[in-house]
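File shown: query.txt (compact mmCIF, C-alpha atoms).
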```
# COMPACT_ATOMS: atom_id res chain seq x y z
CA MET A 1 61.59 -35.75 -10.12
CA SER A 2 61.80 -36.06 -6.34
CA ILE A 3 59.58 -33.97 -4.08
CA GLU A 4 60.55 -33.47 -0.45
CA VAL A 5 58.18 -34.28 2.40
CA LYS A 6 58.97 -32.12 5.43
CA VAL A 7 57.65 -31.84 8.98
CA PRO A 8 54.81 -29.31 8.85
CA THR A 9 54.07 -26.58 11.38
CA LEU A 10 52.71 -28.45 14.38
CA GLY A 11 51.11 -25.68 16.38
CA GLU A 12 51.95 -22.92 18.80
CA SER A 13 55.00 -23.68 21.00
CA VAL A 14 55.44 -27.13 19.41
CA SER A 15 58.81 -27.37 17.67
CA GLU A 16 59.40 -31.11 17.33
CA ALA A 17 57.64 -34.45 17.08
CA THR A 18 58.35 -38.18 17.01
CA VAL A 19 57.87 -40.30 13.89
CA GLY A 20 55.13 -42.64 15.04
CA GLN A 21 54.37 -44.83 12.04
CA TRP A 22 55.05 -44.85 8.33
CA LEU A 23 51.74 -45.45 6.54
CA LYS A 24 53.44 -45.95 3.17
CA LYS A 25 56.54 -47.95 2.25
CA PRO A 26 59.12 -47.21 -0.44
CA GLY A 27 57.83 -48.29 -3.83
CA GLU A 28 54.14 -47.94 -2.96
CA ALA A 29 51.92 -45.63 -4.97
CA VAL A 30 50.64 -42.54 -3.17
CA ALA A 31 47.89 -40.11 -4.09
CA LEU A 32 47.87 -36.36 -3.59
CA ASP A 33 47.06 -35.50 0.07
CA GLU A 34 47.07 -39.18 1.07
CA PRO A 35 48.50 -39.62 4.63
CA ILE A 36 51.97 -41.15 4.44
CA VAL A 37 53.32 -40.82 7.98
CA SER A 38 51.95 -40.22 11.48
CA LEU A 39 53.83 -37.84 13.78
CA GLU A 40 53.33 -37.80 17.55
CA THR A 41 53.50 -34.47 19.35
CA ASP A 42 53.10 -33.76 23.04
CA LYS A 43 49.32 -33.65 22.70
CA VAL A 44 48.07 -35.16 19.45
CA ALA A 45 49.06 -37.39 16.55
CA VAL A 46 49.40 -35.55 13.23
CA GLU A 47 49.20 -37.29 9.86
CA VAL A 48 51.38 -35.77 7.15
CA PRO A 49 49.79 -35.85 3.67
CA SER A 50 51.67 -36.45 0.47
CA PRO A 51 52.42 -33.17 -1.37
CA SER A 52 52.15 -34.95 -4.72
CA ALA A 53 50.87 -38.06 -6.43
CA GLY A 54 53.55 -40.57 -7.35
CA VAL A 55 55.59 -43.34 -5.78
CA MET A 56 56.99 -43.40 -2.26
CA GLY A 57 60.71 -42.84 -2.36
CA ALA A 58 63.43 -42.87 0.29
CA LEU A 59 62.44 -42.63 3.96
CA VAL A 60 64.88 -40.23 5.60
CA ALA A 61 63.51 -40.59 9.14
CA ASN A 62 62.79 -43.87 10.91
CA GLU A 63 59.95 -44.67 13.28
CA GLY A 64 60.87 -43.43 16.75
CA ASP A 65 63.12 -40.61 15.49
CA THR A 66 62.65 -37.12 16.90
CA VAL A 67 62.26 -34.56 14.11
CA SER A 68 61.99 -30.77 14.13
CA VAL A 69 59.58 -28.58 12.20
CA GLY A 70 60.85 -28.26 8.63
CA ALA A 71 63.03 -31.38 8.79
CA LEU A 72 63.12 -33.72 5.79
CA LEU A 73 61.02 -36.87 6.28
CA ALA A 74 60.98 -38.60 2.90
CA LEU A 75 60.96 -38.19 -0.86
CA ILE A 76 58.12 -38.68 -3.32
CA GLU A 77 58.98 -39.72 -6.87
CA ALA A 78 56.42 -37.58 -8.69
CA SER A 79 57.18 -39.15 -12.06
CA GLY A 80 55.41 -42.33 -10.98
CA SER A 81 58.47 -44.43 -11.84
CA ALA A 82 59.90 -47.01 -9.54
CA VAL A 83 62.04 -45.87 -6.67
CA ALA A 84 65.71 -45.38 -7.52
CA ALA A 85 68.08 -48.19 -6.71
CA ALA A 86 69.85 -46.21 -4.00
CA PRO A 87 69.14 -47.95 -0.71
CA ALA A 88 66.82 -46.05 1.56
CA PRO A 89 66.66 -46.42 5.31
CA SER A 90 63.82 -48.73 6.23
CA PRO A 91 61.38 -47.73 8.92
CA ALA A 92 62.10 -49.23 12.31
CA PRO A 93 60.42 -52.61 12.63
CA SER A 94 57.29 -52.86 14.71
CA PRO A 95 57.70 -54.60 18.08
CA ALA A 96 57.91 -58.33 17.50
CA PRO A 97 54.72 -60.16 18.42
CA ALA A 98 54.74 -62.49 21.40
CA PRO A 99 55.92 -66.08 20.79
CA ALA A 100 53.50 -68.44 19.12
CA ALA A 101 52.77 -70.15 22.43
CA GLN A 102 51.26 -66.93 23.70
CA ALA A 103 49.51 -65.67 20.56
CA PRO A 104 45.95 -66.93 20.07
CA ALA A 105 45.84 -69.26 17.08
CA ALA A 106 43.03 -67.32 15.41
CA ALA A 107 45.01 -64.08 15.37
CA ALA A 108 48.46 -65.26 14.29
CA PRO A 109 47.79 -65.98 10.58
CA ALA A 110 45.80 -62.79 10.15
CA LEU A 111 48.46 -60.74 11.88
CA ALA A 112 51.13 -62.25 9.69
CA GLU A 113 49.11 -61.28 6.64
CA ALA A 114 48.83 -57.71 7.95
CA ALA A 115 52.55 -57.56 8.56
CA SER A 116 53.25 -58.62 5.00
CA GLY A 117 51.44 -55.58 3.67
CA ASP A 118 48.49 -57.48 2.18
CA ALA A 119 46.15 -56.14 4.83
CA ALA A 120 45.68 -52.71 6.36
CA VAL A 121 48.68 -51.39 8.31
CA LEU A 122 48.30 -52.11 12.01
CA SER A 123 49.81 -49.93 14.71
CA PRO A 124 51.76 -51.59 17.54
CA ALA A 125 48.85 -51.03 19.94
CA VAL A 126 46.41 -52.69 17.53
CA ARG A 127 48.81 -55.57 16.95
CA ARG A 128 49.02 -56.23 20.68
CA ALA A 129 45.24 -56.06 21.03
CA VAL A 130 44.78 -58.49 18.13
CA LEU A 131 47.15 -60.97 19.76
CA GLU A 132 45.64 -60.51 23.20
CA TYR A 133 42.03 -61.05 22.20
CA GLY A 134 42.57 -63.51 19.37
CA ILE A 135 40.69 -61.39 16.84
CA ASP A 136 41.09 -61.75 13.07
CA PRO A 137 41.77 -58.13 11.96
CA SER A 138 40.43 -58.83 8.47
CA SER A 139 37.01 -59.59 10.00
CA VAL A 140 36.73 -56.26 11.84
CA LYS A 141 35.59 -53.05 10.17
CA GLY A 142 37.94 -50.20 11.03
CA THR A 143 36.60 -46.83 12.19
CA GLY A 144 39.90 -44.97 12.04
CA LYS A 145 41.31 -42.76 9.32
CA ASP A 146 40.79 -44.33 5.87
CA GLY A 147 39.15 -47.36 7.49
CA ARG A 148 42.20 -48.36 9.54
CA LEU A 149 41.70 -50.46 12.64
CA THR A 150 41.94 -48.82 16.06
CA LYS A 151 42.49 -50.48 19.41
CA GLU A 152 38.87 -49.68 20.29
CA ASP A 153 37.67 -51.58 17.19
CA VAL A 154 39.51 -54.71 18.32
CA THR A 155 38.29 -54.33 21.91
CA ALA A 156 34.68 -53.96 20.75
CA ALA A 157 35.01 -57.05 18.55
CA ALA A 158 36.42 -58.99 21.49
CA GLN A 159 33.50 -57.96 23.71
CA ALA A 160 31.07 -59.10 21.06
CA LYS A 161 32.77 -62.46 20.90
CA GLN A 162 30.91 -64.34 23.59
CA ALA A 163 32.13 -67.84 22.81
CA ALA A 164 35.52 -67.68 24.56
CA PRO A 165 36.85 -65.47 27.39
CA ALA A 166 39.79 -63.12 26.84
CA PRO A 167 43.16 -64.76 27.44
CA VAL A 168 44.43 -64.40 31.00
CA ALA A 169 48.04 -63.38 31.41
CA SER A 170 48.55 -64.87 34.87
CA ALA A 171 50.75 -67.93 35.32
CA PRO A 172 49.16 -71.37 35.80
CA VAL A 173 48.43 -72.49 39.34
CA ALA A 174 51.13 -74.55 41.04
CA ALA A 175 49.01 -77.70 41.09
CA SER A 176 48.76 -77.80 37.31
CA PRO A 177 51.24 -80.10 35.56
CA VAL A 178 51.71 -77.39 32.93
CA ALA A 179 53.44 -75.26 35.56
CA THR A 180 56.54 -77.43 35.39
CA ALA A 181 56.67 -77.48 31.60
CA PRO A 182 58.99 -74.97 29.88
CA VAL A 183 56.14 -73.02 28.25
CA ALA A 184 56.53 -69.38 27.26
CA GLY A 185 54.67 -67.74 30.12
CA ARG A 186 57.15 -65.15 31.42
CA ASN A 187 58.00 -63.11 28.37
CA GLU A 188 58.82 -59.44 28.42
CA GLU A 189 58.23 -56.79 25.80
CA ARG A 190 59.89 -53.41 25.85
CA VAL A 191 58.02 -50.65 24.02
CA LYS A 192 59.32 -47.11 23.93
CA MET A 193 56.90 -44.63 25.43
CA THR A 194 55.24 -42.40 22.87
CA ARG A 195 55.83 -38.69 23.08
CA MET A 196 52.19 -38.23 24.14
CA ARG A 197 52.52 -40.80 26.94
CA GLN A 198 55.73 -39.15 28.15
CA THR A 199 54.00 -35.78 28.21
CA ILE A 200 50.98 -37.19 30.06
CA ALA A 201 53.30 -38.69 32.67
CA LYS A 202 55.23 -35.44 33.13
CA ARG A 203 52.11 -33.28 33.38
CA LEU A 204 50.34 -35.54 35.87
CA LYS A 205 53.42 -35.82 38.08
CA SER A 206 53.95 -32.08 37.85
CA ALA A 207 50.35 -31.51 38.95
CA GLN A 208 50.91 -33.65 42.04
CA GLU A 209 54.15 -31.89 42.90
CA THR A 210 52.91 -28.34 42.25
CA ALA A 211 49.29 -28.17 43.38
CA ALA A 212 48.11 -28.66 46.95
CA MET A 213 45.70 -31.28 45.68
CA LEU A 214 42.79 -32.57 47.70
CA THR A 215 39.66 -34.55 46.76
CA THR A 216 36.14 -34.31 48.16
CA PHE A 217 33.43 -36.89 47.46
CA ASN A 218 29.67 -37.12 47.32
CA ASP A 219 27.08 -39.49 45.90
CA VAL A 220 24.28 -38.70 43.49
CA ASP A 221 20.87 -40.28 42.93
CA MET A 222 20.77 -40.61 39.15
CA GLY A 223 17.08 -41.56 39.03
CA ALA A 224 15.76 -38.21 37.77
CA VAL A 225 18.33 -37.93 34.97
CA MET A 226 17.85 -41.53 33.89
CA GLU A 227 14.08 -41.04 33.83
CA ALA A 228 14.46 -37.89 31.71
CA ARG A 229 16.78 -39.67 29.30
CA GLY A 230 14.44 -42.62 29.03
CA ARG A 231 11.49 -40.36 28.32
CA TYR A 232 13.09 -38.04 25.78
CA LYS A 233 16.05 -39.91 24.24
CA ASP A 234 14.22 -41.00 21.07
CA VAL A 235 12.68 -37.58 20.41
CA PHE A 236 15.99 -35.86 21.26
CA GLU A 237 17.99 -38.02 18.84
CA LYS A 238 15.38 -37.64 16.10
CA LYS A 239 15.41 -33.86 16.39
CA HIS A 240 19.12 -33.21 16.97
CA GLY A 241 20.78 -36.23 15.37
CA VAL A 242 22.77 -37.10 18.49
CA LYS A 243 22.10 -39.21 21.56
CA LEU A 244 21.19 -37.62 24.89
CA GLY A 245 24.00 -38.65 27.23
CA LEU A 246 24.96 -37.99 30.82
CA MET A 247 27.80 -35.59 30.02
CA SER A 248 25.53 -32.75 28.96
CA PHE A 249 23.69 -32.92 32.30
CA PHE A 250 26.94 -32.87 34.28
CA ALA A 251 28.38 -30.12 32.06
CA LYS A 252 25.35 -27.92 32.70
CA ALA A 253 25.39 -28.76 36.41
CA SER A 254 29.08 -27.84 36.53
CA VAL A 255 28.30 -24.47 34.94
CA LEU A 256 25.95 -23.70 37.85
CA ALA A 257 28.64 -24.64 40.36
CA LEU A 258 31.40 -22.70 38.60
CA LYS A 259 29.26 -19.59 38.35
CA ASP A 260 28.36 -19.78 42.05
CA ILE A 261 31.94 -20.59 43.16
CA PRO A 262 34.25 -18.63 40.79
CA ALA A 263 37.42 -20.00 42.44
CA VAL A 264 36.68 -23.46 41.02
CA ASN A 265 36.81 -21.91 37.53
CA ALA A 266 40.03 -19.97 38.20
CA GLN A 267 43.74 -20.54 37.61
CA MET A 268 46.90 -19.52 39.42
CA GLN A 269 49.36 -17.68 37.18
CA GLY A 270 52.47 -16.58 39.03
CA ASP A 271 51.38 -14.65 42.09
CA GLU A 272 47.97 -13.85 40.59
CA ILE A 273 44.66 -15.70 40.44
CA VAL A 274 42.87 -15.39 37.11
CA TYR A 275 39.06 -15.67 37.21
CA PHE A 276 37.18 -16.47 33.99
CA ASP A 277 33.68 -15.22 33.19
CA TYR A 278 33.24 -18.06 30.67
CA VAL A 279 33.25 -21.85 31.07
CA ASP A 280 35.40 -23.96 28.73
CA ILE A 281 35.18 -27.59 29.84
CA SER A 282 37.90 -30.09 28.96
CA VAL A 283 36.31 -33.51 28.43
CA ALA A 284 38.61 -36.49 29.04
CA VAL A 285 38.43 -38.84 26.05
CA SER A 286 40.20 -42.18 25.64
CA ALA A 287 42.27 -42.30 22.45
CA PRO A 288 44.45 -45.13 21.07
CA ASN A 289 47.63 -43.38 22.27
CA GLY A 290 46.33 -42.28 25.68
CA LEU A 291 43.94 -39.95 27.43
CA VAL A 292 43.29 -36.63 25.69
CA VAL A 293 41.21 -33.66 26.84
CA PRO A 294 39.65 -31.67 23.98
CA VAL A 295 37.82 -28.53 25.03
CA VAL A 296 34.11 -27.76 24.66
CA ARG A 297 34.04 -23.97 24.64
CA ASP A 298 31.43 -21.60 26.08
CA VAL A 299 29.49 -24.44 27.70
CA ASP A 300 27.53 -21.85 29.68
CA LYS A 301 26.02 -20.65 26.38
CA LEU A 302 25.47 -24.02 24.69
CA SER A 303 22.33 -26.14 24.56
CA PHE A 304 22.23 -29.78 25.63
CA ALA A 305 22.28 -30.81 21.97
CA ALA A 306 25.29 -28.61 21.14
CA ILE A 307 27.23 -30.06 24.06
CA GLU A 308 26.42 -33.64 23.07
CA LYS A 309 27.38 -32.97 19.44
CA SER A 310 30.70 -31.44 20.45
CA ILE A 311 31.56 -34.38 22.71
CA ALA A 312 30.53 -36.91 20.06
CA ASP A 313 32.63 -35.15 17.42
CA TYR A 314 35.66 -35.07 19.71
CA GLY A 315 35.22 -38.75 20.53
CA LYS A 316 35.24 -39.65 16.84
CA LYS A 317 38.26 -37.45 16.16
CA ALA A 318 40.12 -39.01 19.09
CA ARG A 319 39.48 -42.52 17.77
CA ASP A 320 40.67 -41.78 14.25
CA GLY A 321 43.58 -39.61 15.40
CA SER A 322 42.42 -36.35 13.83
CA LEU A 323 42.34 -34.11 16.93
CA THR A 324 44.24 -30.87 16.40
CA MET A 325 46.25 -28.69 18.76
CA GLU A 326 43.46 -26.13 18.67
CA ASP A 327 40.98 -28.74 19.91
CA MET A 328 43.15 -29.25 23.01
CA LYS A 329 43.99 -25.63 23.73
CA GLY A 330 42.66 -23.90 26.84
CA GLY A 331 39.99 -25.17 29.19
CA THR A 332 38.99 -23.83 32.61
CA PHE A 333 37.58 -27.04 34.17
CA THR A 334 37.71 -30.76 33.39
CA ILE A 335 35.20 -33.61 33.56
CA SER A 336 36.51 -37.18 33.48
CA ASN A 337 34.09 -40.10 33.26
CA GLY A 338 35.75 -43.23 34.60
CA GLY A 339 32.34 -44.84 34.93
CA VAL A 340 32.36 -45.89 31.28
CA PHE A 341 35.17 -48.31 32.21
CA GLY A 342 33.39 -49.54 35.35
CA GLY A 343 35.23 -47.43 37.94
CA LEU A 344 33.41 -47.19 41.28
CA MET A 345 35.47 -44.40 42.84
CA SER A 346 38.68 -42.50 42.09
CA THR A 347 40.66 -39.37 42.91
CA PRO A 348 41.11 -37.64 39.53
CA ILE A 349 44.26 -35.56 38.99
CA ILE A 350 43.99 -31.88 38.08
CA ASN A 351 44.67 -30.94 34.46
CA PRO A 352 47.22 -28.06 34.80
CA PRO A 353 46.93 -25.11 34.84
CA GLN A 354 43.30 -25.69 35.83
CA SER A 355 42.36 -25.80 39.49
CA ALA A 356 39.69 -28.51 39.62
CA VAL A 357 38.47 -31.68 37.92
CA LEU A 358 35.19 -33.54 38.32
CA GLY A 359 35.34 -37.33 38.31
CA LEU A 360 32.28 -39.39 37.36
CA HIS A 361 31.89 -43.09 38.08
CA ARG A 362 29.65 -46.04 37.34
CA ILE A 363 25.97 -46.08 38.22
CA GLU A 364 24.84 -48.99 40.38
CA ASP A 365 21.73 -49.85 42.38
CA ARG A 366 22.36 -49.34 46.10
CA PRO A 367 20.14 -49.29 49.20
CA VAL A 368 19.56 -45.75 50.49
CA VAL A 369 17.20 -44.19 53.01
CA ARG A 370 14.36 -42.06 51.64
CA ASN A 371 11.67 -40.69 53.97
CA GLY A 372 12.68 -43.13 56.68
CA GLU A 373 12.53 -46.17 54.41
CA ILE A 374 15.26 -48.21 52.74
CA VAL A 375 14.83 -48.16 48.98
CA ILE A 376 16.98 -49.19 45.99
CA ARG A 377 18.17 -46.26 43.89
CA PRO A 378 20.65 -45.86 40.96
CA MET A 379 23.57 -44.14 42.68
CA MET A 380 26.87 -42.70 41.45
CA TYR A 381 29.89 -41.53 43.41
CA ILE A 382 31.29 -38.21 42.20
CA ALA A 383 34.65 -36.68 43.15
CA LEU A 384 36.06 -33.18 42.90
CA SER A 385 39.85 -32.86 43.05
CA TYR A 386 40.96 -29.28 43.58
CA ASP A 387 43.98 -27.08 44.20
CA HIS A 388 43.80 -26.07 47.86
CA ARG A 389 46.04 -23.07 47.15
CA ILE A 390 43.13 -21.40 45.37
CA ILE A 391 40.02 -23.26 46.48
CA ASP A 392 39.05 -23.62 50.13
CA GLY A 393 37.44 -26.81 51.39
CA ARG A 394 34.13 -25.04 51.94
CA GLU A 395 34.10 -23.84 48.34
CA ALA A 396 34.94 -27.29 46.96
CA VAL A 397 32.28 -29.04 49.04
CA THR A 398 29.70 -26.39 48.09
CA ALA A 399 30.52 -26.72 44.37
CA LEU A 400 30.19 -30.51 44.47
CA LYS A 401 26.94 -30.23 46.44
CA THR A 402 25.58 -27.82 43.80
CA ILE A 403 26.36 -30.36 41.07
CA LYS A 404 24.69 -33.13 43.10
CA GLU A 405 21.52 -31.09 43.67
CA ALA A 406 21.26 -30.11 39.99
CA ILE A 407 21.58 -33.73 38.85
CA GLU A 408 19.04 -34.99 41.40
CA ASP A 409 16.62 -32.23 40.40
CA PRO A 410 17.31 -31.32 36.74
CA THR A 411 14.68 -28.57 36.90
CA ARG A 412 17.40 -26.48 38.57
CA LEU A 413 19.27 -26.53 35.25
CA LEU A 414 16.34 -24.81 33.55
CA ILE A 415 15.73 -22.10 36.13
CA ASP A 416 19.43 -21.48 36.97
CA LEU A 417 19.07 -22.40 40.65
```
What would you get if you wrote out this structure as C-alpha cells?
Amino acid sequence: MSIEVKVPTLGESVSEATVGQWLKKPGEAVALDEPIVSLETDKVAVEVPSPSAGVMGALVANEGDTVSVGALLALIEASGSAVAAAPAPSPAPSPAPAPAAQAPAAAAPALAEAASGDAAVLSPAVRRAVLEYGIDPSSVKGTGKDGRLTKEDVTAAAQAKQAAPAPVASAPVAASPVATAPVAGRNEERVKMTRMRQTIAKRLKSAQETAAMLTTFNDVDMGAVMEARGRYKDVFEKKHGVKLGLMSFFAKASVLALKDIPAVNAQMQGDEIVYFDYVDISVAVSAPNGLVVPVVRDVDKLSFAAIEKSIADYGKKARDGSLTMEDMKGGTFTISNGGVFGGLMSTPIINPPQSAVLGLHRIEDRPVVRNGEIVIRPMMYIALSYDHRIIDGREAVTALKTIKEAIEDPTRLLIDL
C-alpha cells in the first residue's frame, strides 16, 4: 500500500517552496514522523515528516524543484516491502566536489564515504566546508536535527584544529615554480541560489531602493557591562540556566531608546506611520542557509534571563533548521551583532518594513581620554541605520546616544533613565 507525501501548509502567505534535500532515498526504511525531505521557503527550511512507517518509495519531486502546497512529493510503501520495480526519478545529484588537487586529503575519503550513504547525509554547504577545511565529518559530532552535521559544526572543528591553517584559495605567487604547472587552481562551481538566499537578496535590495536610508555612528565604553558580566555570570547561569550575554544589555538599552523616540519603533504603511506601544526585537542569527531574524516579543516586559533564553533558543533552532514562520513574523526593531565575526564597523541594512536597525561590532582595547588622561578602555563601535522618511537625524542620533549612555552606565536600565 502506497501512502502519498504531500507539501504541507507552509504558513500565512506562503504558497510554494523549493525541494532542498532528500533525507531518505528510495528503498530506505523510514519511521513514523521521521523527516524525509527538507523544503526551503522564503524565510525558513521546513522538514517534512513521514506520514507512516515503511519503506521509501518513488520520489516525485527532485532537489531544486519548486513545489506548491498540496503537491505530491513522494510515496511511502507502508507494507514495509521493497520498493516496486518501476523506476523512480532520482533526486538531483549534489554539486560535485572540487577536483582532488583542491580537496584536502584528510577530507576526501570521509566525504566519499558520506556520499555513498554509509555516513550521515551531508548538505551541499557542509560538503563544501568539509572540503575547504579538511575535516573528517565522521570525527565531528553533529548538533543539527537528528545529529546531522551543520556548517557551524565543521567550522568549529576547523577552528579547534590548531596544527594546520585553513587552505587558502588564492593562486600561487608568480615566483613559485608551481605557478607554471597545470594544477587545478582556477576551478569554478555553480550553485543555484536557495529560495531563502534569493529572498534575502530581494528584500535587502528593496530596502535600499525604497527607504531613504542613512546611518549614524557612535562608540561605547563596554567596561561597565563587562565588569557586571564578570561579576555575576556564574551566579546568573546557575540561577537561570543560561549565560549572561551582551544582547540582553543592548536589548534593554534599545527599549529605553525606542520608548523615548517612538519614531525609531514605527513603520510606514502606505501614507500612514504606525507607532507601536510594544517592542518586538528581531535578532539577526546566522543559520546554515543564510541570515535569519527571529523575533523576541515584548522585550520591554522581559527580564534579562528571559531575553537570553529566547535568543539562545532561537540560535539553536537556527542551527538545526527548526525555525518556524511564526518565529520570524513581525518585529518592530532589529539588532545585528557583526562583532561575533570580528567586524569593526558596518552600515547595517534595515529589515523591511521596520524603520531602524542597530549594528553591534567587536570589542577592542583602544586609547581614549578620560578626565584629561589617555587610558586604555574596551570600546565598541555601534551603528544605527534608519529610514530618513520617518526618522529625523536628531531623533536617530538621540536614540543611539541613549543606547550608549545606558550601556556605559547600566544602572540606567534599572531606574528607566
Region 311-317 of chain A surroundings by all atoms listed in the file, 7 Å radius, close-in-sequence under 4 positions cut, as a ChimeraX atom specification:
/A:285,294,307,321-323
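Closest to Gly142 (chain A) among A:Ala157, A:Val283, A:Ala31, A:Met1 is A:Ala157, based on only C-alpha atoms.
In this comparison, which uses all atoms listed in the file, the residue of A:Met325, A:Gly27, A:Pro410, A:Gly372 approaching Val46 (chain A) most closely is A:Met325.
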Please list, as a PyMOL selection string, the residues that have an atom at most 8 Å away from (56.6, -35.7, 23.1) in the coordinates of this file, counting all atoms listed in the file.
chain A and resi 16-18+40-43+194-199
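Counting all atoms listed in the file, the residue from A:Arg366, A:Glu405, A:Glu326, A:Gly20 that sits nearest to Ala45 (chain A) is A:Gly20.
Rounded to one decimal, CA of Lys238 (chain A) and CA of Asp221 (chain A) lie 27.5 Å from each other.
Here the selection is built from all atoms listed in the file, and the residues within 7 Å of (50.9, -43.0, 12.0) turn out to be Gly20, Gln21, Trp22, Leu23, Val37, Ser38, Leu39 and Glu47 of chain A.
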My list of candidates is A:Ser286, A:Thr334, A:Ser355, A:Thr324. Which is closest to Lys151 (chain A) when distances are computed with only C-alpha atoms?
A:Ser286
Close residues, Pro262 (chain A) itself excluded, 12 Å, all atoms listed in the file, min 4 positions apart in chain, as a short mmCIF file (atom, residue, chain, number, x, y, z; two decimals) with C-alpha atoms, in the coordinates of the input:
```
data_model
loop_
_atom_site.label_atom_id
_atom_site.label_comp_id
_atom_site.auth_asym_id
_atom_site.auth_seq_id
_atom_site.Cartn_x
_atom_site.Cartn_y
_atom_site.Cartn_z
CA SER A 254 29.08 -27.84 36.53
CA VAL A 255 28.30 -24.47 34.94
CA LEU A 256 25.95 -23.70 37.85
CA ALA A 257 28.64 -24.64 40.36
CA LEU A 258 31.40 -22.70 38.60
CA ALA A 266 40.03 -19.97 38.20
CA GLN A 267 43.74 -20.54 37.61
CA ILE A 273 44.66 -15.70 40.44
CA VAL A 274 42.87 -15.39 37.11
CA TYR A 275 39.06 -15.67 37.21
CA PHE A 276 37.18 -16.47 33.99
CA ASP A 277 33.68 -15.22 33.19
CA TYR A 278 33.24 -18.06 30.67
CA VAL A 279 33.25 -21.85 31.07
CA THR A 332 38.99 -23.83 32.61
CA PHE A 333 37.58 -27.04 34.17
CA SER A 355 42.36 -25.80 39.49
CA ALA A 356 39.69 -28.51 39.62
CA ILE A 390 43.13 -21.40 45.37
CA ILE A 391 40.02 -23.26 46.48
CA ASP A 392 39.05 -23.62 50.13
CA GLU A 395 34.10 -23.84 48.34
CA ALA A 396 34.94 -27.29 46.96
CA THR A 398 29.70 -26.39 48.09
CA ALA A 399 30.52 -26.72 44.37
#
```
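Here the question is which of A:Val357, A:Val48, A:Ala29, A:Val126 gets nearest to Leu214 (chain A) using all atoms listed in the file, and that residue is A:Val357.
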